[in-house]
Amino acid sequence: MYFYEPSQGHGLPHDPLNAIIGPRPIGWISSLDGEGRQNLAPYSFFNCFNYRPPVIGFASSGWKDSVRNICETKEFVWNLTTRALAERMNETSASLPHGEDEFAFSGLTPLASRIIKAPRVAESPVHFECRLSQCIQLTKANGEALDSWLVLGEAVAIHIDESLLENGIYQTSKAQPILRAGGPTAYYTVTDAQRFDMRRPDDR
């Protein structure tokens with residue numbers, strides 16, 4: 001088996017960590033700063049961490065605008081990224097000067113939220129309006145602080161395009177979500193051809 005200690009480097013053409021932990025859902029996060037300026041950015045370290053209440057989170061390498069904004073305003077929106085939106089999502093990863101609007105830069109439409117002030121991406125079929133629950137600076141095992149931040153938020157309002165519901169059940173593949181994989185350019189999507197079903201032992 002190939003073996004390496006991360007602190008000593010991986011010795012490969014590209015760090016395999018992102019490919020092994022994957023594919024990963026994309027945290028497409030919209031927020032406002034304290035002056036009401038819009039921000040939209042994708043984060044590939046993203047997931048859901050609690051069921052009731054729903055708590056989602058993303059990690060940022062560095063104190064970026066999204067983290068700053070969310071800590072100022074205590075709110076953000078997660079927007080589902082689909083195959084049809086992949087290229088425009090990628091545009092929002094550009095390093096724009098602080099205060100410049102990624103919605104305008106990528107040709108996306110801000111849409112008012114129902115409960116919070118941060119805008120949604122109108123073109124996205126699913127939105128989670130979130131209130132900040134925790135912002136945690138990550139550390140090494142020895143307690144040394146890292147310049148990485150885990151932002152957790154409680155989803156207080158959820159919007160789903162009704163075309164994605166069949167008999168009240170959300171159809172994951174119908175939304176065509178995209179997922180980040182390894183290497184500098186790799187993404188995947190979800191199709192019904194990849195589906196298989198299992199029942200948990202307690203549900204049999």
# chains A, B, ... in the order shown; residues from 1 in each chain; ligands from 1
call {"tool": "closest_atom_pairs", "arguments": {"of": "segment 7-88 of chain A", "to": "segment 112-120 of chain A", "cutoff": "10 Å", "atoms": "only C-alpha atoms", "output": "CSV"}}
result
residue,atom,partner,partner_atom,distance
A:Ile29,CA,A:Arg120,CA,8.9
A:Ser30,CA,A:Pro119,CA,6.4
A:Ser31,CA,A:Ala118,CA,5.0
A:Leu32,CA,A:Ala118,CA,5.5
A:Asp33,CA,A:Ala118,CA,9.0
A:Gly36,CA,A:Ala118,CA,8.6
A:Arg37,CA,A:Ala118,CA,9.5
A:Gln38,CA,A:Pro119,CA,7.6
A:Asn39,CA,A:Pro119,CA,9.0
A:Leu40,CA,A:Pro119,CA,9.3
A:Asn69,CA,A:Ala118,CA,9.9
A:Ile70,CA,A:Ala118,CA,9.5
A:Thr73,CA,A:Ala118,CA,8.8
A:Lys74,CA,A:Ile116,CA,9.6
A:Glu75,CA,A:Ala118,CA,6.8
A:Phe76,CA,A:Ala118,CA,5.7
A:Val77,CA,A:Arg120,CA,6.2
A:Trp78,CA,A:Arg120,CA,7.8
A:Asn79,CA,A:Arg120,CA,6.8
call {"tool": "write_last_selection", "arguments": {"atoms": "N, CA and C atoms", "output": "compact mmCIF listing (two decimals), in the first residue's frame"}}
result
# COMPACT_ATOMS: atom_id res chain seq x y z
N ILE A 29 -22.16 29.44 -1.16
CA ILE A 29 -22.59 30.25 -0.02
C ILE A 29 -22.77 31.71 -0.42
N SER A 30 -23.98 32.21 -0.19
CA SER A 30 -24.24 33.64 -0.42
C SER A 30 -24.41 34.34 0.92
N SER A 31 -23.92 35.57 0.97
CA SER A 31 -23.94 36.33 2.22
C SER A 31 -23.93 37.82 1.92
N LEU A 32 -24.13 38.60 2.96
CA LEU A 32 -24.01 40.05 2.90
C LEU A 32 -22.96 40.50 3.91
N ASP A 33 -22.23 41.55 3.59
CA ASP A 33 -21.35 42.11 4.61
C ASP A 33 -22.13 43.10 5.46
N GLY A 36 -24.18 45.62 3.67
CA GLY A 36 -25.22 45.16 2.75
C GLY A 36 -24.73 44.76 1.37
N ARG A 37 -23.41 44.62 1.19
CA ARG A 37 -22.86 44.21 -0.10
C ARG A 37 -22.89 42.70 -0.24
N GLN A 38 -23.25 42.23 -1.42
CA GLN A 38 -23.45 40.81 -1.68
C GLN A 38 -22.13 40.08 -1.92
N ASN A 39 -22.11 38.80 -1.53
CA ASN A 39 -20.97 37.94 -1.80
C ASN A 39 -21.49 36.55 -2.12
N LEU A 40 -20.82 35.87 -3.03
CA LEU A 40 -21.20 34.50 -3.40
C LEU A 40 -19.93 33.72 -3.70
N ASN A 69 -18.19 37.98 6.47
CA ASN A 69 -19.58 38.45 6.36
C ASN A 69 -20.49 37.72 7.32
N ILE A 70 -20.35 36.40 7.38
CA ILE A 70 -21.24 35.59 8.22
C ILE A 70 -21.02 35.90 9.69
N THR A 73 -22.84 39.33 10.20
CA THR A 73 -24.30 39.39 10.06
C THR A 73 -25.03 38.21 10.67
N LYS A 74 -24.29 37.13 10.97
CA LYS A 74 -24.85 35.92 11.61
C LYS A 74 -25.80 35.15 10.72
N GLU A 75 -25.62 35.24 9.40
CA GLU A 75 -26.52 34.51 8.51
C GLU A 75 -25.86 34.27 7.15
N PHE A 76 -26.39 33.26 6.42
CA PHE A 76 -25.94 32.97 5.07
C PHE A 76 -26.95 32.04 4.41
N VAL A 77 -26.80 31.84 3.10
CA VAL A 77 -27.64 30.91 2.35
C VAL A 77 -26.75 29.89 1.66
N TRP A 78 -27.14 28.61 1.73
CA TRP A 78 -26.54 27.60 0.89
C TRP A 78 -27.44 27.40 -0.32
N ASN A 79 -26.83 27.42 -1.51
CA ASN A 79 -27.55 27.26 -2.77
C ASN A 79 -27.06 26.00 -3.46
call {"tool": "closest_atom_pairs", "arguments": {"of": "segment 100-176 of chain A", "to": "segment 47-63 of chain A", "cutoff": "7 Å", "atoms": "only C-alpha atoms", "output": "tab-separated table"}}
result
residue	atom	partner	partner_atom	distance
A:Asp147	CA	A:Gly62	CA	5.1
A:Ser148	CA	A:Ser61	CA	4.4
A:Trp149	CA	A:Ser60	CA	5.2
A:Leu150	CA	A:Ala59	CA	4.3
A:Val151	CA	A:Gly57	CA	5.3
A:Leu152	CA	A:Gly57	CA	4.2
A:Gly153	CA	A:Val55	CA	5.5
A:Glu154	CA	A:Val55	CA	4.5
A:Ala155	CA	A:Pro54	CA	5.5
call {"tool": "select_by_dssp", "arguments": {"residues": "segment 42-98 of chain A", "states": "helix (DSSP H, G or I)", "output": "ChimeraX atom specification"}}
result
/A:65-73,83-91
call {"tool": "write_last_selection", "arguments": {"atoms": "all heavy atoms", "output": "compact mmCIF listing (two decimals), in the first residue's frame"}}
result
# COMPACT_ATOMS: atom_id res chain seq x y z
N ASP A 65 -13.95 36.46 2.61
CA ASP A 65 -15.10 37.35 2.71
C ASP A 65 -16.33 36.65 3.25
O ASP A 65 -17.08 37.22 4.05
CB ASP A 65 -15.43 37.97 1.34
CG ASP A 65 -14.44 39.06 0.95
OD1 ASP A 65 -13.65 39.48 1.81
OD2 ASP A 65 -14.48 39.48 -0.22
N SER A 66 -16.57 35.41 2.83
CA SER A 66 -17.76 34.69 3.30
C SER A 66 -17.74 34.55 4.82
O SER A 66 -18.74 34.80 5.49
CB SER A 66 -17.86 33.31 2.66
OG SER A 66 -18.02 33.40 1.27
N VAL A 67 -16.59 34.14 5.36
CA VAL A 67 -16.48 33.96 6.82
C VAL A 67 -16.65 35.30 7.52
O VAL A 67 -17.39 35.41 8.51
CB VAL A 67 -15.13 33.31 7.17
CG1 VAL A 67 -15.03 33.11 8.69
CG2 VAL A 67 -14.95 31.99 6.44
N ARG A 68 -15.97 36.31 7.02
CA ARG A 68 -16.08 37.65 7.62
C ARG A 68 -17.53 38.12 7.62
O ARG A 68 -18.05 38.60 8.63
CB ARG A 68 -15.20 38.64 6.85
CG ARG A 68 -15.25 40.06 7.42
CD ARG A 68 -14.51 41.05 6.53
NE ARG A 68 -13.09 40.73 6.40
CZ ARG A 68 -12.52 40.29 5.29
NH1 ARG A 68 -13.24 40.09 4.19
NH2 ARG A 68 -11.23 40.04 5.26
N ASN A 69 -18.19 37.98 6.47
CA ASN A 69 -19.58 38.45 6.36
C ASN A 69 -20.49 37.72 7.32
O ASN A 69 -21.35 38.33 7.99
CB ASN A 69 -20.09 38.23 4.94
CG ASN A 69 -19.41 39.12 3.92
OD1 ASN A 69 -18.65 40.02 4.27
ND2 ASN A 69 -19.69 38.87 2.65
N ILE A 70 -20.35 36.40 7.38
CA ILE A 70 -21.24 35.59 8.22
C ILE A 70 -21.02 35.90 9.69
O ILE A 70 -21.98 35.96 10.48
CB ILE A 70 -21.04 34.10 7.91
CG1 ILE A 70 -21.52 33.80 6.48
CG2 ILE A 70 -21.79 33.22 8.91
CD1 ILE A 70 -21.07 32.47 5.92
N CYS A 71 -19.79 36.12 10.08
CA CYS A 71 -19.53 36.47 11.48
C CYS A 71 -20.07 37.86 11.81
O CYS A 71 -20.45 38.13 12.95
CB CYS A 71 -18.03 36.37 11.78
SG CYS A 71 -17.44 34.67 11.90
N GLU A 72 -20.13 38.75 10.82
CA GLU A 72 -20.69 40.09 11.04
C GLU A 72 -22.22 40.05 11.12
O GLU A 72 -22.82 40.69 11.97
CB GLU A 72 -20.28 41.03 9.90
CG GLU A 72 -18.87 41.54 9.96
CD GLU A 72 -18.55 42.51 8.83
OE1 GLU A 72 -19.46 42.84 8.04
OE2 GLU A 72 -17.39 42.93 8.73
N THR A 73 -22.84 39.33 10.20
CA THR A 73 -24.30 39.39 10.06
C THR A 73 -25.03 38.21 10.67
O THR A 73 -26.25 38.25 10.81
CB THR A 73 -24.68 39.49 8.57
OG1 THR A 73 -24.29 38.28 7.90
CG2 THR A 73 -24.01 40.69 7.91
N ARG A 83 -25.66 20.79 -12.50
CA ARG A 83 -24.82 20.71 -13.72
C ARG A 83 -25.04 21.94 -14.60
O ARG A 83 -24.09 22.46 -15.18
CB ARG A 83 -25.14 19.43 -14.50
CG ARG A 83 -24.28 19.26 -15.76
CD ARG A 83 -22.82 19.12 -15.39
NE ARG A 83 -21.93 19.16 -16.54
CZ ARG A 83 -21.39 20.28 -17.05
NH1 ARG A 83 -21.67 21.46 -16.52
NH2 ARG A 83 -20.57 20.22 -18.08
N ALA A 84 -26.27 22.41 -14.69
CA ALA A 84 -26.56 23.56 -15.54
C ALA A 84 -25.91 24.84 -15.01
O ALA A 84 -25.69 25.79 -15.77
CB ALA A 84 -28.08 23.76 -15.65
N LEU A 85 -25.58 24.86 -13.71
CA LEU A 85 -25.01 26.06 -13.10
C LEU A 85 -23.51 25.92 -12.84
O LEU A 85 -22.91 26.83 -12.26
CB LEU A 85 -25.72 26.35 -11.77
CG LEU A 85 -27.19 26.77 -11.88
CD1 LEU A 85 -27.84 26.79 -10.50
CD2 LEU A 85 -27.30 28.13 -12.54
N ALA A 86 -22.91 24.81 -13.28
CA ALA A 86 -21.52 24.53 -12.92
C ALA A 86 -20.57 25.63 -13.36
O ALA A 86 -19.71 26.08 -12.57
CB ALA A 86 -21.09 23.20 -13.52
N GLU A 87 -20.69 26.07 -14.59
CA GLU A 87 -19.74 27.07 -15.10
C GLU A 87 -19.88 28.39 -14.36
O GLU A 87 -18.88 29.05 -14.04
CB GLU A 87 -19.94 27.26 -16.60
CG GLU A 87 -19.37 26.13 -17.45
CD GLU A 87 -20.19 24.83 -17.38
OE1 GLU A 87 -21.40 24.90 -17.02
OE2 GLU A 87 -19.63 23.76 -17.66
N ARG A 88 -21.12 28.78 -14.06
CA ARG A 88 -21.31 30.05 -13.34
C ARG A 88 -20.88 29.92 -11.88
O ARG A 88 -20.38 30.87 -11.30
CB ARG A 88 -22.74 30.53 -13.50
CG ARG A 88 -22.97 31.14 -14.88
CD ARG A 88 -24.24 31.92 -14.97
NE ARG A 88 -25.37 31.03 -15.22
CZ ARG A 88 -26.63 31.46 -15.36
NH1 ARG A 88 -26.91 32.75 -15.27
NH2 ARG A 88 -27.60 30.61 -15.60
N MET A 89 -21.08 28.74 -11.30
CA MET A 89 -20.54 28.51 -9.95
C MET A 89 -19.03 28.69 -9.96
O MET A 89 -18.45 29.33 -9.08
CB MET A 89 -20.92 27.11 -9.48
CG MET A 89 -20.34 26.70 -8.12
SD MET A 89 -18.62 26.14 -8.17
CE MET A 89 -18.76 24.68 -9.19
N ASN A 90 -18.39 28.13 -10.98
CA ASN A 90 -16.94 28.23 -11.09
C ASN A 90 -16.49 29.69 -11.20
O ASN A 90 -15.47 30.09 -10.65
CB ASN A 90 -16.45 27.43 -12.29
CG ASN A 90 -14.95 27.25 -12.30
OD1 ASN A 90 -14.35 26.91 -11.29
ND2 ASN A 90 -14.34 27.49 -13.44
N GLU A 91 -17.28 30.51 -11.92
CA GLU A 91 -16.96 31.93 -12.04
C GLU A 91 -16.94 32.61 -10.67
O GLU A 91 -16.15 33.52 -10.42
CB GLU A 91 -17.98 32.63 -12.94
CG GLU A 91 -17.87 32.28 -14.42
CD GLU A 91 -16.60 32.82 -15.03
OE1 GLU A 91 -16.34 34.02 -14.89
OE2 GLU A 91 -15.84 32.02 -15.63
call {"tool": "atom_distance", "arguments": {"atom1": "atom CA of Ala141 of chain A", "atom2": "atom CA of Gly9 of chain A"}}
result
17.1 Å
call {"tool": "residues_around", "arguments": {"residues": "segment 14-23 of chain A", "least_positions_apart": "6", "cutoff": "12 Å", "atoms": "only C-alpha atoms", "output": "PDB file with N, CA and C atoms, in the first residue's frame"}}
result
ATOM      1  N   TYR A   2       0.447   2.261  -0.710  1.00  0.00           N
ATOM      2  CA  TYR A   2       1.175   3.534  -0.689  1.00  0.00           C
ATOM      3  C   TYR A   2       0.986   4.168   0.682  1.00  0.00           C
ATOM      4  N   PHE A   3       2.058   4.646   1.281  1.00  0.00           N
ATOM      5  CA  PHE A   3       2.015   5.212   2.628  1.00  0.00           C
ATOM      6  C   PHE A   3       2.708   6.567   2.636  1.00  0.00           C
ATOM      7  N   TYR A   4       2.111   7.513   3.346  1.00  0.00           N
ATOM      8  CA  TYR A   4       2.797   8.783   3.574  1.00  0.00           C
ATOM      9  C   TYR A   4       2.271   9.422   4.845  1.00  0.00           C
ATOM     10  N   GLU A   5       3.077  10.283   5.427  1.00  0.00           N
ATOM     11  CA  GLU A   5       2.660  11.091   6.564  1.00  0.00           C
ATOM     12  C   GLU A   5       2.388  12.498   6.038  1.00  0.00           C
ATOM     13  N   PRO A   6       1.158  12.992   6.160  1.00  0.00           N
ATOM     14  CA  PRO A   6       0.818  14.288   5.574  1.00  0.00           C
ATOM     15  C   PRO A   6       1.768  15.414   5.953  1.00  0.00           C
ATOM     16  N   SER A  44     -15.661  23.600  -1.326  1.00  0.00           N
ATOM     17  CA  SER A  44     -15.775  22.161  -1.559  1.00  0.00           C
ATOM     18  C   SER A  44     -15.685  21.343  -0.270  1.00  0.00           C
ATOM     19  N   PHE A  45     -15.277  21.966   0.834  1.00  0.00           N
ATOM     20  CA  PHE A  45     -15.366  21.302   2.130  1.00  0.00           C
ATOM     21  C   PHE A  45     -16.695  21.715   2.759  1.00  0.00           C
ATOM     22  N   PHE A  46     -17.720  20.909   2.499  1.00  0.00           N
ATOM     23  CA  PHE A  46     -19.088  21.254   2.899  1.00  0.00           C
ATOM     24  C   PHE A  46     -19.845  19.973   3.202  1.00  0.00           C
ATOM     25  N   ASN A  47     -20.772  20.045   4.172  1.00  0.00           N
ATOM     26  CA  ASN A  47     -21.675  18.920   4.399  1.00  0.00           C
ATOM     27  C   ASN A  47     -22.760  19.290   5.398  1.00  0.00           C
ATOM     28  N   PRO A 177     -27.151  17.439  -9.119  1.00  0.00           N
ATOM     29  CA  PRO A 177     -26.149  18.147  -8.323  1.00  0.00           C
ATOM     30  C   PRO A 177     -24.754  17.796  -8.804  1.00  0.00           C
ATOM     31  N   ILE A 178     -23.839  18.736  -8.677  1.00  0.00           N
ATOM     32  CA  ILE A 178     -22.451  18.432  -9.012  1.00  0.00           C
ATOM     33  C   ILE A 178     -21.639  18.338  -7.732  1.00  0.00           C
ATOM     34  N   LEU A 179     -20.600  17.528  -7.800  1.00  0.00           N
ATOM     35  CA  LEU A 179     -19.807  17.180  -6.640  1.00  0.00           C
ATOM     36  C   LEU A 179     -18.337  17.320  -6.993  1.00  0.00           C
ATOM     37  N   ARG A 180     -17.555  17.857  -6.089  1.00  0.00           N
ATOM     38  CA  ARG A 180     -16.123  18.078  -6.329  1.00  0.00           C
ATOM     39  C   ARG A 180     -15.360  16.785  -6.092  1.00  0.00           C
ATOM     40  N   ALA A 181     -14.404  16.507  -6.960  1.00  0.00           N
ATOM     41  CA  ALA A 181     -13.596  15.299  -6.826  1.00  0.00           C
ATOM     42  C   ALA A 181     -12.116  15.683  -6.747  1.00  0.00           C
ATOM     43  N   GLY A 182     -11.233  14.703  -6.976  1.00  0.00           N
ATOM     44  CA  GLY A 182      -9.804  14.961  -6.864  1.00  0.00           C
ATOM     45  C   GLY A 182      -9.249  15.653  -8.083  1.00  0.00           C
ATOM     46  N   GLY A 183      -7.987  16.034  -7.987  1.00  0.00           N
ATOM     47  CA  GLY A 183      -7.352  16.735  -9.088  1.00  0.00           C
ATOM     48  C   GLY A 183      -7.833  18.166  -9.196  1.00  0.00           C
ATOM     49  N   PRO A 184      -7.200  18.955 -10.029  1.00  0.00           N
ATOM     50  CA  PRO A 184      -7.532  20.378 -10.108  1.00  0.00           C
ATOM     51  C   PRO A 184      -8.814  20.694 -10.864  1.00  0.00           C
ATOM     52  N   THR A 185      -9.348  19.729 -11.638  1.00  0.00           N
ATOM     53  CA  THR A 185     -10.485  20.056 -12.506  1.00  0.00           C
ATOM     54  C   THR A 185     -11.667  19.104 -12.387  1.00  0.00           C
ATOM     55  N   ALA A 186     -11.577  18.034 -11.611  1.00  0.00           N
ATOM     56  CA  ALA A 186     -12.575  16.959 -11.664  1.00  0.00           C
ATOM     57  C   ALA A 186     -13.829  17.258 -10.842  1.00  0.00           C
ATOM     58  N   TYR A 187     -14.962  17.052 -11.496  1.00  0.00           N
ATOM     59  CA  TYR A 187     -16.278  17.111 -10.859  1.00  0.00           C
ATOM     60  C   TYR A 187     -17.074  15.887 -11.299  1.00  0.00           C
ATOM     61  N   TYR A 188     -18.121  15.568 -10.546  1.00  0.00           N
ATOM     62  CA  TYR A 188     -19.043  14.501 -10.926  1.00  0.00           C
ATOM     63  C   TYR A 188     -20.465  14.998 -10.735  1.00  0.00           C
ATOM     64  N   THR A 189     -21.387  14.281 -11.370  1.00  0.00           N
ATOM     65  CA  THR A 189     -22.793  14.527 -11.104  1.00  0.00           C
ATOM     66  C   THR A 189     -23.443  13.214 -10.703  1.00  0.00           C
ATOM     67  N   VAL A 190     -24.728  13.254 -10.352  1.00  0.00           N
ATOM     68  CA  VAL A 190     -25.459  12.079  -9.880  1.00  0.00           C
ATOM     69  C   VAL A 190     -26.515  11.711 -10.915  1.00  0.00           C
TER      70      VAL A 190
END
call {"tool": "closest_residue", "arguments": {"among": "A:His10, A:Gln134, A:His127, A:Glu144", "to": "Ala157 of chain A", "atoms": "only C-alpha atoms"}}
result
A:His127
call {"tool": "select_by_dssp", "arguments": {"residues": "segment 14-84 of chain A", "states": "strand (DSSP E or B)", "output": "JSON, numbers by chain"}}
result
{"A": [24, 25, 27, 28, 29, 30, 31, 32, 38, 39, 40, 41, 42, 43, 46, 47, 48, 49, 50, 55, 56, 57, 58, 59, 60, 61, 75, 76, 77, 78, 79, 82]}
